[in-house]
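Input: a single structure, listed below in structure tokens.
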Amino acid sequence: MLVREHQAESKCCPHCQQRTSAPFPADVRAPVQYGASIGARAVYLSQQQLLPFARVCEVMEDLLGVALNEGSLHEVIARCQQNLGEVEQQIKQAPKQAEVLHQDETGVYVCGKRHWMHVTATARLTHYQVHANRGHEALEAIGILPGFTGISVHNGFGSYFLYACEHAICNVHLPWELTYLSEEQGWWWAARLKALLLDSKEATEQARAQGKRWLDPLEVADWETRFLELLTQEDRAHPRAQAPPGQRGRVKQSAARNLLDRLAKHQSAILAFLEDLRVPLITIRRKEICAW
């Protein structure tokens, strides 16, 4: 650890008795403080490696001999946040102009209370923001999706559909559900639907490798027709459960019935990857591409 001292001369004018002092460097704000190098390491351990404050302080002392306390760590992080304000605005502006946007949200705990980590990503940029709300209130506060006119690829959460952009659903969980229904519950249609999705995925990948922007409309129509035929057959096999006479409220449906309802309701968003090859079958999540 390097300790550096800054000294500034102070002179008193012999005529007017006005005292003038030389300025300190702009980043020197206190009589004793940690420099940018130590601050950067502390912020990295906390914000990138996600260590709790107490453990960050422990690592800093054990490895660097820096007796950093949690209050100082909080101040360093706040200063870094302030310095990155303009950068964050640039990151938030870029996705608004993107053709395809990938979005997701996952639960986190802040001081023991449930919050949500919202992720908005393009192929090159990722923006994270924690908010106490999961839905519309958080999306408005983040400010990326309002006014966005491209294609939003997401998990089908209802709040995303409140916005007027185009929508595509990430189908990463769909093969898992279909595998469960086919292998654990013996539903033949689930295996056929999974095979249909895998075949259509391969067709889009081949077309993308050939530099195509769209599949042939007749080919898209064929895939969609086969999808609808399977849904129609499945719908007959799983009639919707009805409430007994006199009972009010919603009736719990089977896993198969819930999946069928979701597929029918969001058919256009689920099959968006066939209509436009810019849309992947599976969205980008946290700077990585989920793959089957």
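Ordered as shown in the structure tokens, chains take letters A, B, and onward, while each chain numbers its residues from 1 and ligands are numbered from 1 in the order shown.
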May I have all residues of range 6-251 of chain A that DSSP, computed from the backbone, assigns to alpha helix (DSSP H), given as an NGL selection string?
:A and (36-43 or 53-64 or 70-83 or 85-96 or 136-142 or 174-183 or 188-209 or 217-237)
Writing out the chosen residues with C-alpha atoms as a compact mmCIF listing (two decimals), in the first residue's frame:
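And here's again_36.txt as it stands now:
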# COMPACT_ATOMS: atom_id res chain seq x y z
CA ALA A 36 -8.97 5.61 -6.28
CA SER A 37 -7.01 2.35 -6.52
CA ILE A 38 -8.22 1.09 -3.12
CA GLY A 39 -11.74 2.37 -3.79
CA ALA A 40 -11.87 0.59 -7.15
CA ARG A 41 -10.91 -2.73 -5.57
CA ALA A 42 -13.49 -2.35 -2.82
CA VAL A 43 -16.24 -1.47 -5.32
CA PHE A 53 -19.83 -5.29 3.09
CA ALA A 54 -18.27 -6.99 6.12
CA ARG A 55 -16.51 -9.56 3.95
CA VAL A 56 -15.24 -6.88 1.57
CA CYS A 57 -13.65 -5.10 4.53
CA GLU A 58 -12.16 -8.39 5.74
CA VAL A 59 -10.64 -9.19 2.34
CA MET A 60 -9.22 -5.69 1.98
CA GLU A 61 -7.50 -5.94 5.37
CA ASP A 62 -6.29 -9.52 4.94
CA LEU A 63 -4.85 -9.07 1.46
CA LEU A 64 -3.96 -5.38 1.23
CA GLU A 70 -18.36 -0.46 6.24
CA GLY A 71 -19.19 3.25 6.42
CA SER A 72 -16.21 4.13 4.26
CA LEU A 73 -17.12 1.36 1.83
CA HIS A 74 -20.63 2.79 1.52
CA GLU A 75 -19.20 6.24 0.76
CA VAL A 76 -16.85 4.83 -1.89
CA ILE A 77 -19.70 3.00 -3.62
CA ALA A 78 -21.89 6.12 -3.51
CA ARG A 79 -19.08 8.18 -5.07
CA CYS A 80 -18.62 5.58 -7.79
CA GLN A 81 -22.36 5.61 -8.47
CA GLN A 82 -22.29 9.39 -8.81
CA ASN A 83 -19.33 9.26 -11.18
CA GLY A 85 -24.38 8.59 -13.62
CA GLU A 86 -23.67 9.82 -17.13
CA VAL A 87 -22.46 6.38 -18.22
CA GLU A 88 -25.66 4.77 -16.92
CA GLN A 89 -27.78 7.22 -18.90
CA GLN A 90 -25.83 6.31 -22.04
CA ILE A 91 -26.39 2.61 -21.34
CA LYS A 92 -30.13 3.26 -20.83
CA GLN A 93 -30.43 5.31 -24.02
CA ALA A 94 -28.78 2.75 -26.30
CA PRO A 95 -31.33 -0.07 -25.75
CA LYS A 96 -34.16 2.32 -26.62
CA HIS A 136 -45.30 -1.72 -14.28
CA GLU A 137 -44.11 0.68 -11.58
CA ALA A 138 -40.54 -0.62 -11.87
CA LEU A 139 -40.52 -0.58 -15.68
CA GLU A 140 -41.70 3.04 -15.65
CA ALA A 141 -39.01 4.00 -13.12
CA ILE A 142 -36.28 2.32 -15.16
CA LEU A 174 -40.98 -24.51 -22.52
CA PRO A 175 -38.94 -27.65 -23.40
CA TRP A 176 -38.51 -28.40 -19.69
CA GLU A 177 -42.26 -28.28 -19.14
CA LEU A 178 -42.90 -30.41 -22.21
CA THR A 179 -40.28 -32.94 -21.12
CA TYR A 180 -41.97 -33.23 -17.72
CA LEU A 181 -45.43 -33.72 -19.25
CA SER A 182 -44.19 -36.31 -21.72
CA GLU A 183 -41.80 -38.31 -19.53
CA TRP A 188 -47.65 -37.98 -26.17
CA TRP A 189 -48.55 -34.56 -27.54
CA ALA A 190 -45.96 -32.90 -25.30
CA ALA A 191 -43.17 -34.91 -26.92
CA ARG A 192 -44.49 -34.05 -30.39
CA LEU A 193 -44.73 -30.36 -29.54
CA LYS A 194 -41.18 -30.36 -28.18
CA ALA A 195 -39.94 -32.05 -31.36
CA LEU A 196 -41.81 -29.46 -33.43
CA LEU A 197 -40.12 -26.60 -31.59
CA LEU A 198 -36.69 -28.20 -31.92
CA ASP A 199 -37.19 -28.74 -35.67
CA SER A 200 -38.37 -25.17 -36.18
CA LYS A 201 -35.41 -23.90 -34.13
CA GLU A 202 -33.05 -25.80 -36.43
CA ALA A 203 -34.78 -24.34 -39.49
CA THR A 204 -34.32 -20.77 -38.22
CA GLU A 205 -30.67 -21.42 -37.38
CA GLN A 206 -29.99 -22.74 -40.88
CA ALA A 207 -31.71 -19.73 -42.44
CA ARG A 208 -29.76 -17.35 -40.19
CA ALA A 209 -26.48 -19.08 -41.17
CA PRO A 217 -43.86 -17.19 -45.66
CA LEU A 218 -45.17 -20.57 -46.79
CA GLU A 219 -42.70 -22.33 -44.48
CA VAL A 220 -43.76 -20.09 -41.57
CA ALA A 221 -47.41 -20.84 -42.30
CA ASP A 222 -46.66 -24.57 -42.29
CA TRP A 223 -44.91 -24.42 -38.90
CA GLU A 224 -47.75 -22.37 -37.41
CA THR A 225 -50.41 -24.70 -38.81
CA ARG A 226 -48.72 -27.74 -37.28
CA PHE A 227 -48.45 -25.88 -33.99
CA LEU A 228 -52.16 -25.03 -34.02
CA GLU A 229 -53.14 -28.59 -34.92
CA LEU A 230 -51.26 -29.91 -31.90
CA LEU A 231 -52.86 -27.30 -29.65
CA THR A 232 -56.32 -28.26 -30.89
CA GLN A 233 -55.70 -31.94 -30.20
CA GLU A 234 -54.27 -31.18 -26.78
CA ASP A 235 -57.21 -28.95 -25.90
CA ARG A 236 -59.62 -31.86 -26.33
CA ALA A 237 -57.43 -34.12 -24.18
So how far away is CA of Leu101 in chain A from CA of Gly143 in chain A, in Å?
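Separation of CA of Gly143 in chain A and CA of Leu101 in chain A: 13.5 Å.
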Top pick for closest residue to Gln48 in chain A, considering A:Ala67, A:Lys11, A:Gly156, A:Tyr128 and counting only C-alpha atoms:
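Ranking A:Ala67, A:Lys11, A:Gly156, A:Tyr128 by distance to Gln48 in chain A, first place goes to A:Tyr128.
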So that I can check the surroundings of His102 in chain A, please list as a VMD selection string every protein, DNA and RNA residue that reaches within 9 Å of it, counting only C-alpha atoms and ignoring chain neighbours fewer than 2 positions away.
chain A and resid 100 104 119 to 123 151 to 154 170 283 to 285
Those residues with N, CA and C atoms, as a PDB file, in the first residue's frame please?
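Saved to result.pdb:
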ATOM      1  N   VAL A 100     -33.901  -5.253 -31.170  1.00  0.00           N
ATOM      2  CA  VAL A 100     -34.363  -6.339 -30.294  1.00  0.00           C
ATOM      3  C   VAL A 100     -33.819  -6.104 -28.900  1.00  0.00           C
ATOM      4  N   ASP A 104     -35.652  -9.334 -18.369  1.00  0.00           N
ATOM      5  CA  ASP A 104     -35.929 -10.373 -17.380  1.00  0.00           C
ATOM      6  C   ASP A 104     -35.949  -9.725 -16.007  1.00  0.00           C
ATOM      7  N   VAL A 119     -33.304  -6.803 -15.460  1.00  0.00           N
ATOM      8  CA  VAL A 119     -32.214  -6.885 -16.418  1.00  0.00           C
ATOM      9  C   VAL A 119     -32.741  -6.496 -17.794  1.00  0.00           C
ATOM     10  N   THR A 120     -32.070  -5.555 -18.435  1.00  0.00           N
ATOM     11  CA  THR A 120     -32.389  -5.153 -19.806  1.00  0.00           C
ATOM     12  C   THR A 120     -31.104  -5.261 -20.611  1.00  0.00           C
ATOM     13  N   ALA A 121     -31.141  -6.006 -21.710  1.00  0.00           N
ATOM     14  CA  ALA A 121     -29.887  -6.296 -22.413  1.00  0.00           C
ATOM     15  C   ALA A 121     -30.058  -6.282 -23.922  1.00  0.00           C
ATOM     16  N   THR A 122     -29.000  -5.869 -24.587  1.00  0.00           N
ATOM     17  CA  THR A 122     -28.817  -6.109 -26.014  1.00  0.00           C
ATOM     18  C   THR A 122     -27.651  -7.090 -26.118  1.00  0.00           C
ATOM     19  N   ALA A 123     -27.221  -7.347 -27.331  1.00  0.00           N
ATOM     20  CA  ALA A 123     -26.095  -8.269 -27.498  1.00  0.00           C
ATOM     21  C   ALA A 123     -24.807  -7.714 -26.898  1.00  0.00           C
ATOM     22  N   ILE A 151     -38.574  -4.866 -30.743  1.00  0.00           N
ATOM     23  CA  ILE A 151     -39.117  -6.138 -30.280  1.00  0.00           C
ATOM     24  C   ILE A 151     -38.568  -6.435 -28.895  1.00  0.00           C
ATOM     25  N   SER A 152     -39.435  -6.616 -27.930  1.00  0.00           N
ATOM     26  CA  SER A 152     -39.023  -6.965 -26.568  1.00  0.00           C
ATOM     27  C   SER A 152     -39.166  -8.473 -26.376  1.00  0.00           C
ATOM     28  N   VAL A 153     -38.050  -9.129 -26.083  1.00  0.00           N
ATOM     29  CA  VAL A 153     -38.047 -10.567 -25.819  1.00  0.00           C
ATOM     30  C   VAL A 153     -38.005 -10.761 -24.310  1.00  0.00           C
ATOM     31  N   HIS A 154     -39.006 -11.440 -23.758  1.00  0.00           N
ATOM     32  CA  HIS A 154     -39.113 -11.553 -22.305  1.00  0.00           C
ATOM     33  C   HIS A 154     -39.773 -12.871 -21.922  1.00  0.00           C
ATOM     34  N   CYS A 170     -39.421 -15.562 -24.599  1.00  0.00           N
ATOM     35  CA  CYS A 170     -38.293 -16.483 -24.489  1.00  0.00           C
ATOM     36  C   CYS A 170     -38.831 -17.861 -24.112  1.00  0.00           C
ATOM     37  N   THR A 283     -33.914 -16.039 -25.173  1.00  0.00           N
ATOM     38  CA  THR A 283     -33.385 -14.699 -25.005  1.00  0.00           C
ATOM     39  C   THR A 283     -32.004 -14.691 -24.374  1.00  0.00           C
ATOM     40  N   ILE A 284     -31.315 -13.539 -24.522  1.00  0.00           N
ATOM     41  CA  ILE A 284     -30.044 -13.303 -23.841  1.00  0.00           C
ATOM     42  C   ILE A 284     -30.353 -12.959 -22.399  1.00  0.00           C
ATOM     43  N   ARG A 285     -29.718 -13.639 -21.458  1.00  0.00           N
ATOM     44  CA  ARG A 285     -29.944 -13.362 -20.043  1.00  0.00           C
ATOM     45  C   ARG A 285     -28.603 -13.166 -19.362  1.00  0.00           C
TER      46      ARG A 285
END
